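Some notes on the structure that comes next.
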Amino acid sequence: MWSAARDVIAASVREALKQAVADGALTLDELPEIPVDTPKEGAHGDLACPVALGLARAARMAPRKIAEAIVERLPEHDDIEKVEIAGPGFINFFLSDAWVRAALQGIVDGGDAFGTTDRHAGTTALVEFVSANPTGPLTLGHGRQGVIGDTVSRMLEAVGYTVTREYYFNDAGRQMVMLGESVRARYLEELDLPAEFPEDGYQGEYIRDIARELIAEHDRALVDVEDVTPFKDKAVQVIFAFIEATLERIGIRFDEYYNEHSLYDRGLIDDVVQVLRDGGYAYDKDGAVWFKSTAFGLSQDRPIIRSTAGREPTYRLPDMAYHREKLRRGFDRIIDIFGADHVDEYPDVLAGVRALGYETDSISVLIHQFVTLEQDGEAVKMSTRRANYLTVDELVDEVGEDAVRFFFIMRNMNSHLKFDVDLAKTASNENPVYYLQYAHARICSIYKQAAERGIAVGEDADLSLLREPAEAALIKKCAELPRVVEEATDAFEPHTIPHYLGDVATAFHQFYDRCRVLDPEDLPLTSARLLLASATRTVLANGLGLLGVRAPESM
């Protein structure tokens, strides 16, 4: 719809430019690309073309004069009602009633699939997100990343990608040894035996809970076990089950879990080091192994093994091996979603992948900022139950899964997110997720009332009866969903979808306030307006579905 209208306008402007050159009204060596934008204000038309502003130098003519030459030669089209020149030379296009009726019918015909396209059908994408170490419950940062990753995955699927959601299961390295030592110390303490808790050990009651489970299973059989493996393995089992349950609560499921330890078991870590050495990109210095990242334009070289004696890799080394495996698996697109704490690491990892002989153009890295909670105008105190942070589970308990998902996605991921707990719990239009869900529920209520009154909604409704400005405005706004989804997906900006849905809900409420939907004295008009309400319900439900948020029938 909107994309078709854009194509019509671009083709018409191009044809007009050709004619103007042929007539001698313009002098151009070549025709430019024709941009067609959506104005921010409705008074400036439904679509606008600023091409005249960019041709002033080439045509040696004022932009407004160029715009006049174009408009004089525009071919007529049923989709265009009128054309105006504004300001220094913007060409504003107003869509016709015929286009509006066709747009509404397109939404009705599209149904649950409206807003989706097959533009990338046959293309595969791997989206890695969350990938939290199994050392404790999910933090709010992990929660935001999970919602961003799942929403991006849904958006990619909406434009035709076949998406694999992957969790990189980091169960190797020093932090896992520390986890095992922490559980072992608590195990001994629970048995009233002397224990030295590691200085950087994992705090929180959940560590004691794991220790108590070990006692229930093994009693005192592990007292003299020096190897931390049984303690670590139990902790990973319990904590990861807890993580999976938390993700399930907010509607996140993964297709693949990639085990970091497999990179060691298959010799891929050593292979990466050897390939880097063979290529002159790894060297020994100060007892460590370094990656020559400066060879790829980065500011300094980085260690990839802290000690050649202990052979303890830094995070960068297994991440290089993991990303090489991602590329070897043949995905067309690879999307990594990381927290801001990875901003210094990922350029080195991508440089390492290039040093291993692979192109990284197919890899997109999305970085999100952190989350803080506010309640009663103040920062929320951290949890005392599970160490020194509030968990996703606790937040879901407080505000519900829909609010958690919506609030985590409604701000640009590049912005720090202040999560207002009071607002998320408010059952009023001030709460943005409530506002959208209420609009959907209100439409369902209208349909219930229609059924109770015996008013049927016929798909053969006369759409020409929809002549009010509020009706046209709502149809045009609803028709934007495919464009919004495509643009948000191409730019990896999922936050634009909830903002768009807010505009749809506002347009619907304005329509509802100004136009009587159920009018038993005018059943043909009622039927047409019910069809418009149905189309709006479709757009709200489909948009909320992309966000993983429910579209309730009642509130």
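Ordered as shown in the structure tokens, chains take letters A, B, and onward, while each chain numbers its residues from 1 and ligands are numbered from 1 in the order shown.
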Which residues of range 328-435 of chain A come within 10 Å of range 154-166 of chain A, and for each one, what is the closest pair of atoms and their distance in Å to one decimal, counting only C-alpha atoms, sorted by chain and residue number, as a tab-separated table?
```
residue	atom	partner	partner_atom	distance
A:Phe331	CA	A:Thr164	CA	9.3
A:Asp332	CA	A:Tyr161	CA	9.5
A:Arg333	CA	A:Tyr161	CA	9.3
A:Ile334	CA	A:Thr164	CA	9.6
A:Ile335	CA	A:Arg165	CA	9.8
A:Asp336	CA	A:Glu166	CA	9.7
```
Quick one: everything within 10 Å of Ala507 in chain A, counting only C-alpha atoms, minus sequence neighbours fewer than 3 positions away in the same chain. Send it as a PyMOL selection string.
chain A and resi 470-478+501-504+510-513+536
What does the file look like for those residues with C-alpha atoms, as a compact mmCIF listing (two decimals), in the first residue's frame?
```txt
# COMPACT_ATOMS: atom_id res chain seq x y z
CA ALA A 470 -11.08 10.87 11.32
CA GLU A 471 -11.93 7.74 9.33
CA ALA A 472 -9.43 8.49 6.59
CA ALA A 473 -6.76 9.39 9.15
CA LEU A 474 -7.24 6.07 10.96
CA ILE A 475 -7.13 4.06 7.73
CA LYS A 476 -3.95 5.77 6.59
CA LYS A 477 -2.29 5.21 9.95
CA CYS A 478 -3.27 1.52 10.03
CA LEU A 501 1.08 1.44 17.68
CA GLY A 502 0.54 4.32 20.10
CA ASP A 503 -0.29 6.53 17.11
CA VAL A 504 -2.75 3.89 15.83
CA GLN A 510 -10.23 10.05 17.91
CA PHE A 511 -12.30 8.15 15.36
CA TYR A 512 -14.41 6.57 18.10
CA ASP A 513 -15.04 9.93 19.79
CA THR A 536 -7.70 -1.45 13.46
```
Return as a ChimeraX atom specification the full set of residues in range 89-133 of chain A whose backbone-based DSSP assignment is alpha helix (DSSP H).
/A:97-110
Keeping N, CA, C and O atoms for every residue in the selection just given, could you write it to a file as a short mmCIF file (atom, residue, chain, number, x, y, z; two decimals), in the first residue's frame?
```
data_model
loop_
_atom_site.label_atom_id
_atom_site.label_comp_id
_atom_site.auth_asym_id
_atom_site.auth_seq_id
_atom_site.Cartn_x
_atom_site.Cartn_y
_atom_site.Cartn_z
N ASP A 97 -9.40 9.20 -2.17
CA ASP A 97 -10.35 8.35 -1.47
C ASP A 97 -10.29 6.92 -1.98
O ASP A 97 -10.49 5.97 -1.22
N ALA A 98 -10.05 6.77 -3.27
CA ALA A 98 -9.95 5.42 -3.84
C ALA A 98 -8.80 4.65 -3.22
O ALA A 98 -8.91 3.46 -2.91
N TRP A 99 -7.67 5.35 -3.01
CA TRP A 99 -6.52 4.71 -2.37
C TRP A 99 -6.86 4.33 -0.94
O TRP A 99 -6.52 3.23 -0.47
N VAL A 100 -7.54 5.21 -0.21
CA VAL A 100 -7.90 4.95 1.18
C VAL A 100 -8.80 3.72 1.28
O VAL A 100 -8.60 2.84 2.13
N ARG A 101 -9.80 3.62 0.40
CA ARG A 101 -10.69 2.45 0.43
C ARG A 101 -9.92 1.18 0.09
O ARG A 101 -10.12 0.13 0.73
N ALA A 102 -9.03 1.26 -0.87
CA ALA A 102 -8.24 0.08 -1.24
C ALA A 102 -7.30 -0.33 -0.09
O ALA A 102 -7.07 -1.52 0.15
N ALA A 103 -6.78 0.67 0.62
CA ALA A 103 -5.90 0.38 1.76
C ALA A 103 -6.65 -0.36 2.85
O ALA A 103 -6.15 -1.33 3.43
N LEU A 104 -7.86 0.10 3.16
CA LEU A 104 -8.66 -0.57 4.18
C LEU A 104 -8.97 -2.00 3.77
O LEU A 104 -8.86 -2.93 4.58
N GLN A 105 -9.34 -2.19 2.52
CA GLN A 105 -9.64 -3.54 2.06
C GLN A 105 -8.40 -4.42 2.13
O GLN A 105 -8.49 -5.62 2.44
N GLY A 106 -7.24 -3.83 1.88
CA GLY A 106 -5.99 -4.59 1.96
C GLY A 106 -5.70 -5.09 3.37
O GLY A 106 -5.21 -6.21 3.55
N ILE A 107 -6.02 -4.27 4.37
CA ILE A 107 -5.84 -4.69 5.76
C ILE A 107 -6.78 -5.84 6.08
O ILE A 107 -6.39 -6.85 6.68
N VAL A 108 -8.04 -5.69 5.67
CA VAL A 108 -9.04 -6.74 5.93
C VAL A 108 -8.63 -8.04 5.25
O VAL A 108 -8.67 -9.12 5.86
N ASP A 109 -8.20 -7.95 4.01
CA ASP A 109 -7.80 -9.16 3.28
C ASP A 109 -6.54 -9.78 3.87
O ASP A 109 -6.38 -11.00 3.87
N GLY A 110 -5.63 -8.93 4.37
CA GLY A 110 -4.37 -9.44 4.92
C GLY A 110 -4.55 -10.20 6.22
O GLY A 110 -3.84 -11.18 6.48
#
```
Just want the 12 Å neighbourhood of range 291-305 of chain A, counted on only C-alpha atoms, with same-chain residues fewer than 4 positions away dropped. Output as a PDB file with N, CA, C and O atoms, in the first residue's frame.
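Saved the output as part02.pdb:
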```
ATOM      1  N   GLY A 173      35.806 -21.639  31.680  1.00  0.00           N
ATOM      2  CA  GLY A 173      36.567 -20.482  32.121  1.00  0.00           C
ATOM      3  C   GLY A 173      36.574 -20.285  33.624  1.00  0.00           C
ATOM      4  O   GLY A 173      35.979 -21.036  34.400  1.00  0.00           O
ATOM      5  N   ILE A 269      39.733 -23.897  20.109  1.00  0.00           N
ATOM      6  CA  ILE A 269      40.440 -22.784  20.751  1.00  0.00           C
ATOM      7  C   ILE A 269      41.912 -22.814  20.362  1.00  0.00           C
ATOM      8  O   ILE A 269      42.487 -21.801  19.926  1.00  0.00           O
ATOM      9  N   ASP A 270      42.531 -23.985  20.500  1.00  0.00           N
ATOM     10  CA  ASP A 270      43.955 -24.111  20.119  1.00  0.00           C
ATOM     11  C   ASP A 270      44.140 -23.844  18.630  1.00  0.00           C
ATOM     12  O   ASP A 270      45.148 -23.240  18.222  1.00  0.00           O
ATOM     13  N   VAL A 272      42.408 -21.815  16.710  1.00  0.00           N
ATOM     14  CA  VAL A 272      42.353 -20.368  16.460  1.00  0.00           C
ATOM     15  C   VAL A 272      43.700 -19.725  16.773  1.00  0.00           C
ATOM     16  O   VAL A 272      44.219 -18.912  15.996  1.00  0.00           O
ATOM     17  N   VAL A 273      44.277 -20.088  17.919  1.00  0.00           N
ATOM     18  CA  VAL A 273      45.578 -19.515  18.302  1.00  0.00           C
ATOM     19  C   VAL A 273      46.625 -19.851  17.258  1.00  0.00           C
ATOM     20  O   VAL A 273      47.430 -18.985  16.852  1.00  0.00           O
ATOM     21  N   GLN A 274      46.626 -21.104  16.779  1.00  0.00           N
ATOM     22  CA  GLN A 274      47.637 -21.510  15.808  1.00  0.00           C
ATOM     23  C   GLN A 274      47.472 -20.772  14.486  1.00  0.00           C
ATOM     24  O   GLN A 274      48.449 -20.325  13.878  1.00  0.00           O
ATOM     25  N   VAL A 275      46.216 -20.644  14.039  1.00  0.00           N
ATOM     26  CA  VAL A 275      45.970 -19.924  12.778  1.00  0.00           C
ATOM     27  C   VAL A 275      46.407 -18.463  12.901  1.00  0.00           C
ATOM     28  O   VAL A 275      46.998 -17.894  11.979  1.00  0.00           O
ATOM     29  N   LEU A 276      46.124 -17.848  14.049  1.00  0.00           N
ATOM     30  CA  LEU A 276      46.551 -16.460  14.269  1.00  0.00           C
ATOM     31  C   LEU A 276      48.073 -16.365  14.282  1.00  0.00           C
ATOM     32  O   LEU A 276      48.655 -15.430  13.715  1.00  0.00           O
ATOM     33  N   ARG A 277      48.719 -17.318  14.924  1.00  0.00           N
ATOM     34  CA  ARG A 277      50.197 -17.318  14.932  1.00  0.00           C
ATOM     35  C   ARG A 277      50.739 -17.478  13.510  1.00  0.00           C
ATOM     36  O   ARG A 277      51.648 -16.749  13.093  1.00  0.00           O
ATOM     37  N   GLY A 279      49.439 -16.650  10.786  1.00  0.00           N
ATOM     38  CA  GLY A 279      49.208 -15.452   9.984  1.00  0.00           C
ATOM     39  C   GLY A 279      49.946 -14.228  10.492  1.00  0.00           C
ATOM     40  O   GLY A 279      49.829 -13.149   9.900  1.00  0.00           O
ATOM     41  N   GLY A 280      50.699 -14.379  11.566  1.00  0.00           N
ATOM     42  CA  GLY A 280      51.435 -13.253  12.132  1.00  0.00           C
ATOM     43  C   GLY A 280      50.572 -12.332  12.980  1.00  0.00           C
ATOM     44  O   GLY A 280      50.960 -11.182  13.236  1.00  0.00           O
ATOM     45  N   TYR A 281      49.423 -12.832  13.435  1.00  0.00           N
ATOM     46  CA  TYR A 281      48.496 -11.993  14.203  1.00  0.00           C
ATOM     47  C   TYR A 281      48.462 -12.332  15.695  1.00  0.00           C
ATOM     48  O   TYR A 281      47.673 -11.756  16.443  1.00  0.00           O
ATOM     49  N   ALA A 282      49.320 -13.267  16.140  1.00  0.00           N
ATOM     50  CA  ALA A 282      49.406 -13.586  17.570  1.00  0.00           C
ATOM     51  C   ALA A 282      50.874 -13.677  17.947  1.00  0.00           C
ATOM     52  O   ALA A 282      51.695 -14.190  17.176  1.00  0.00           O
ATOM     53  N   TYR A 283      51.192 -13.197  19.124  1.00  0.00           N
ATOM     54  CA  TYR A 283      52.587 -13.213  19.574  1.00  0.00           C
ATOM     55  C   TYR A 283      52.628 -13.303  21.096  1.00  0.00           C
ATOM     56  O   TYR A 283      51.644 -13.013  21.792  1.00  0.00           O
ATOM     57  N   ASP A 284      53.785 -13.716  21.617  1.00  0.00           N
ATOM     58  CA  ASP A 284      53.992 -13.848  23.062  1.00  0.00           C
ATOM     59  C   ASP A 284      54.629 -12.581  23.608  1.00  0.00           C
ATOM     60  O   ASP A 284      55.554 -12.021  23.011  1.00  0.00           O
ATOM     61  N   LYS A 285      54.132 -12.167  24.766  1.00  0.00           N
ATOM     62  CA  LYS A 285      54.687 -10.985  25.415  1.00  0.00           C
ATOM     63  C   LYS A 285      54.289 -11.000  26.884  1.00  0.00           C
ATOM     64  O   LYS A 285      53.120 -11.243  27.217  1.00  0.00           O
ATOM     65  N   ASP A 286      55.255 -10.757  27.764  1.00  0.00           N
ATOM     66  CA  ASP A 286      55.009 -10.677  29.208  1.00  0.00           C
ATOM     67  C   ASP A 286      54.281 -11.903  29.735  1.00  0.00           C
ATOM     68  O   ASP A 286      53.389 -11.816  30.593  1.00  0.00           O
ATOM     69  N   GLY A 287      54.628 -13.070  29.213  1.00  0.00           N
ATOM     70  CA  GLY A 287      54.033 -14.299  29.702  1.00  0.00           C
ATOM     71  C   GLY A 287      52.628 -14.565  29.206  1.00  0.00           C
ATOM     72  O   GLY A 287      51.976 -15.515  29.658  1.00  0.00           O
ATOM     73  N   ALA A 309      51.625 -20.185  30.685  1.00  0.00           N
ATOM     74  CA  ALA A 309      51.790 -21.338  31.576  1.00  0.00           C
ATOM     75  C   ALA A 309      50.418 -21.913  31.951  1.00  0.00           C
ATOM     76  O   ALA A 309      50.161 -23.109  31.823  1.00  0.00           O
ATOM     77  N   GLY A 310      49.499 -21.043  32.413  1.00  0.00           N
ATOM     78  CA  GLY A 310      48.173 -21.511  32.828  1.00  0.00           C
ATOM     79  C   GLY A 310      47.211 -21.688  31.683  1.00  0.00           C
ATOM     80  O   GLY A 310      46.180 -22.345  31.818  1.00  0.00           O
ATOM     81  N   ARG A 311      47.549 -21.107  30.531  1.00  0.00           N
ATOM     82  CA  ARG A 311      46.717 -21.186  29.325  1.00  0.00           C
ATOM     83  C   ARG A 311      45.259 -20.828  29.618  1.00  0.00           C
ATOM     84  O   ARG A 311      44.332 -21.539  29.232  1.00  0.00           O
ATOM     85  N   GLU A 312      45.057 -19.708  30.310  1.00  0.00           N
ATOM     86  CA  GLU A 312      43.705 -19.249  30.632  1.00  0.00           C
ATOM     87  C   GLU A 312      43.281 -18.197  29.614  1.00  0.00           C
ATOM     88  O   GLU A 312      43.798 -17.081  29.607  1.00  0.00           O
ATOM     89  N   PRO A 313      42.337 -18.521  28.728  1.00  0.00           N
ATOM     90  CA  PRO A 313      41.941 -17.567  27.688  1.00  0.00           C
ATOM     91  C   PRO A 313      41.170 -16.378  28.272  1.00  0.00           C
ATOM     92  O   PRO A 313      40.487 -16.499  29.293  1.00  0.00           O
ATOM     93  N   THR A 314      41.279 -15.241  27.619  1.00  0.00           N
ATOM     94  CA  THR A 314      40.384 -14.133  27.910  1.00  0.00           C
ATOM     95  C   THR A 314      39.088 -14.369  27.127  1.00  0.00           C
ATOM     96  O   THR A 314      38.996 -15.281  26.313  1.00  0.00           O
ATOM     97  N   TYR A 315      38.086 -13.533  27.380  1.00  0.00           N
ATOM     98  CA  TYR A 315      36.804 -13.708  26.693  1.00  0.00           C
ATOM     99  C   TYR A 315      36.950 -13.645  25.174  1.00  0.00           C
ATOM    100  O   TYR A 315      36.193 -14.280  24.437  1.00  0.00           O
ATOM    101  N   ARG A 316      37.908 -12.860  24.696  1.00  0.00           N
ATOM    102  CA  ARG A 316      38.009 -12.633  23.261  1.00  0.00           C
ATOM    103  C   ARG A 316      38.318 -13.911  22.475  1.00  0.00           C
ATOM    104  O   ARG A 316      37.813 -14.098  21.365  1.00  0.00           O
ATOM    105  N   LEU A 317      39.130 -14.796  23.042  1.00  0.00           N
ATOM    106  CA  LEU A 317      39.570 -15.973  22.291  1.00  0.00           C
ATOM    107  C   LEU A 317      38.420 -16.945  21.994  1.00  0.00           C
ATOM    108  O   LEU A 317      38.190 -17.280  20.818  1.00  0.00           O
ATOM    109  N   PRO A 318      37.673 -17.440  22.984  1.00  0.00           N
ATOM    110  CA  PRO A 318      36.562 -18.325  22.623  1.00  0.00           C
ATOM    111  C   PRO A 318      35.497 -17.630  21.784  1.00  0.00           C
ATOM    112  O   PRO A 318      34.841 -18.276  20.956  1.00  0.00           O
ATOM    113  N   ASP A 319      35.328 -16.313  21.962  1.00  0.00           N
ATOM    114  CA  ASP A 319      34.356 -15.595  21.137  1.00  0.00           C
ATOM    115  C   ASP A 319      34.790 -15.572  19.667  1.00  0.00           C
ATOM    116  O   ASP A 319      33.952 -15.627  18.759  1.00  0.00           O
ATOM    117  N   MET A 320      36.105 -15.467  19.424  1.00  0.00           N
ATOM    118  CA  MET A 320      36.594 -15.556  18.053  1.00  0.00           C
ATOM    119  C   MET A 320      36.272 -16.930  17.460  1.00  0.00           C
ATOM    120  O   MET A 320      35.793 -17.044  16.318  1.00  0.00           O
ATOM    121  N   ALA A 321      36.534 -17.973  18.238  1.00  0.00           N
ATOM    122  CA  ALA A 321      36.267 -19.334  17.754  1.00  0.00           C
ATOM    123  C   ALA A 321      34.773 -19.531  17.514  1.00  0.00           C
ATOM    124  O   ALA A 321      34.372 -20.142  16.515  1.00  0.00           O
ATOM    125  N   ASP A 344      33.777  -2.609  24.106  1.00  0.00           N
ATOM    126  CA  ASP A 344      35.209  -2.606  23.810  1.00  0.00           C
ATOM    127  C   ASP A 344      35.697  -3.952  23.284  1.00  0.00           C
ATOM    128  O   ASP A 344      36.759  -4.026  22.674  1.00  0.00           O
ATOM    129  N   GLU A 345      34.918  -4.999  23.534  1.00  0.00           N
ATOM    130  CA  GLU A 345      35.364  -6.344  23.173  1.00  0.00           C
ATOM    131  C   GLU A 345      35.041  -6.737  21.746  1.00  0.00           C
ATOM    132  O   GLU A 345      35.882  -7.312  21.032  1.00  0.00           O
ATOM    133  N   TYR A 346      33.816  -6.427  21.287  1.00  0.00           N
ATOM    134  CA  TYR A 346      33.391  -7.010  20.013  1.00  0.00           C
ATOM    135  C   TYR A 346      34.221  -6.544  18.808  1.00  0.00           C
ATOM    136  O   TYR A 346      34.418  -7.333  17.866  1.00  0.00           O
ATOM    137  N   PRO A 347      34.746  -5.300  18.761  1.00  0.00           N
ATOM    138  CA  PRO A 347      35.591  -4.960  17.599  1.00  0.00           C
ATOM    139  C   PRO A 347      36.820  -5.862  17.501  1.00  0.00           C
ATOM    140  O   PRO A 347      37.247  -6.220  16.392  1.00  0.00           O
ATOM    141  N   ASP A 348      37.385  -6.247  18.668  1.00  0.00           N
ATOM    142  CA  ASP A 348      38.553  -7.141  18.656  1.00  0.00           C
ATOM    143  C   ASP A 348      38.148  -8.533  18.157  1.00  0.00           C
ATOM    144  O   ASP A 348      38.895  -9.182  17.427  1.00  0.00           O
ATOM    145  N   VAL A 349      36.966  -8.998  18.571  1.00  0.00           N
ATOM    146  CA  VAL A 349      36.494 -10.311  18.141  1.00  0.00           C
ATOM    147  C   VAL A 349      36.301 -10.335  16.623  1.00  0.00           C
ATOM    148  O   VAL A 349      36.734 -11.268  15.942  1.00  0.00           O
ATOM    149  N   LEU A 350      35.641  -9.289  16.085  1.00  0.00           N
ATOM    150  CA  LEU A 350      35.423  -9.246  14.632  1.00  0.00           C
ATOM    151  C   LEU A 350      36.746  -9.133  13.890  1.00  0.00           C
ATOM    152  O   LEU A 350      36.924  -9.737  12.819  1.00  0.00           O
ATOM    153  N   ALA A 351      37.696  -8.377  14.445  1.00  0.00           N
ATOM    154  CA  ALA A 351      39.023  -8.305  13.825  1.00  0.00           C
ATOM    155  C   ALA A 351      39.691  -9.674  13.838  1.00  0.00           C
ATOM    156  O   ALA A 351      40.344 -10.082  12.871  1.00  0.00           O
ATOM    157  N   GLY A 352      39.520 -10.412  14.952  1.00  0.00           N
ATOM    158  CA  GLY A 352      40.068 -11.754  15.033  1.00  0.00           C
ATOM    159  C   GLY A 352      39.473 -12.686  13.991  1.00  0.00           C
ATOM    160  O   GLY A 352      40.178 -13.506  13.390  1.00  0.00           O
ATOM    161  N   VAL A 353      38.185 -12.565  13.764  1.00  0.00           N
ATOM    162  CA  VAL A 353      37.532 -13.390  12.750  1.00  0.00           C
ATOM    163  C   VAL A 353      38.096 -13.076  11.368  1.00  0.00           C
ATOM    164  O   VAL A 353      38.332 -13.984  10.554  1.00  0.00           O
ATOM    165  N   ARG A 354      38.319 -11.793  11.106  1.00  0.00           N
ATOM    166  CA  ARG A 354      38.932 -11.426   9.822  1.00  0.00           C
ATOM    167  C   ARG A 354      40.348 -11.974   9.722  1.00  0.00           C
ATOM    168  O   ARG A 354      40.787 -12.412   8.647  1.00  0.00           O
ATOM    169  N   ALA A 355      41.074 -11.946  10.833  1.00  0.00           N
ATOM    170  CA  ALA A 355      42.430 -12.496  10.837  1.00  0.00           C
ATOM    171  C   ALA A 355      42.421 -13.997  10.574  1.00  0.00           C
ATOM    172  O   ALA A 355      43.396 -14.555  10.056  1.00  0.00           O
ATOM    173  N   LEU A 356      41.330 -14.654  10.901  1.00  0.00           N
ATOM    174  CA  LEU A 356      41.196 -16.092  10.640  1.00  0.00           C
ATOM    175  C   LEU A 356      40.813 -16.382   9.194  1.00  0.00           C
ATOM    176  O   LEU A 356      40.677 -17.541   8.797  1.00  0.00           O
TER     177      LEU A 356
END
```
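Each of A:Arg220, A:Phe169, A:Gly111, A:His499 was checked against Leu193 in chain A using only C-alpha atoms; the smallest atom-to-atom distance is that of A:Arg220.
The nearest approach to Ile148 in chain A among the residues A:Glu401, A:Glu493, A:Asp422, A:Glu486, with only C-alpha atoms taken into account, belongs to A:Glu493.
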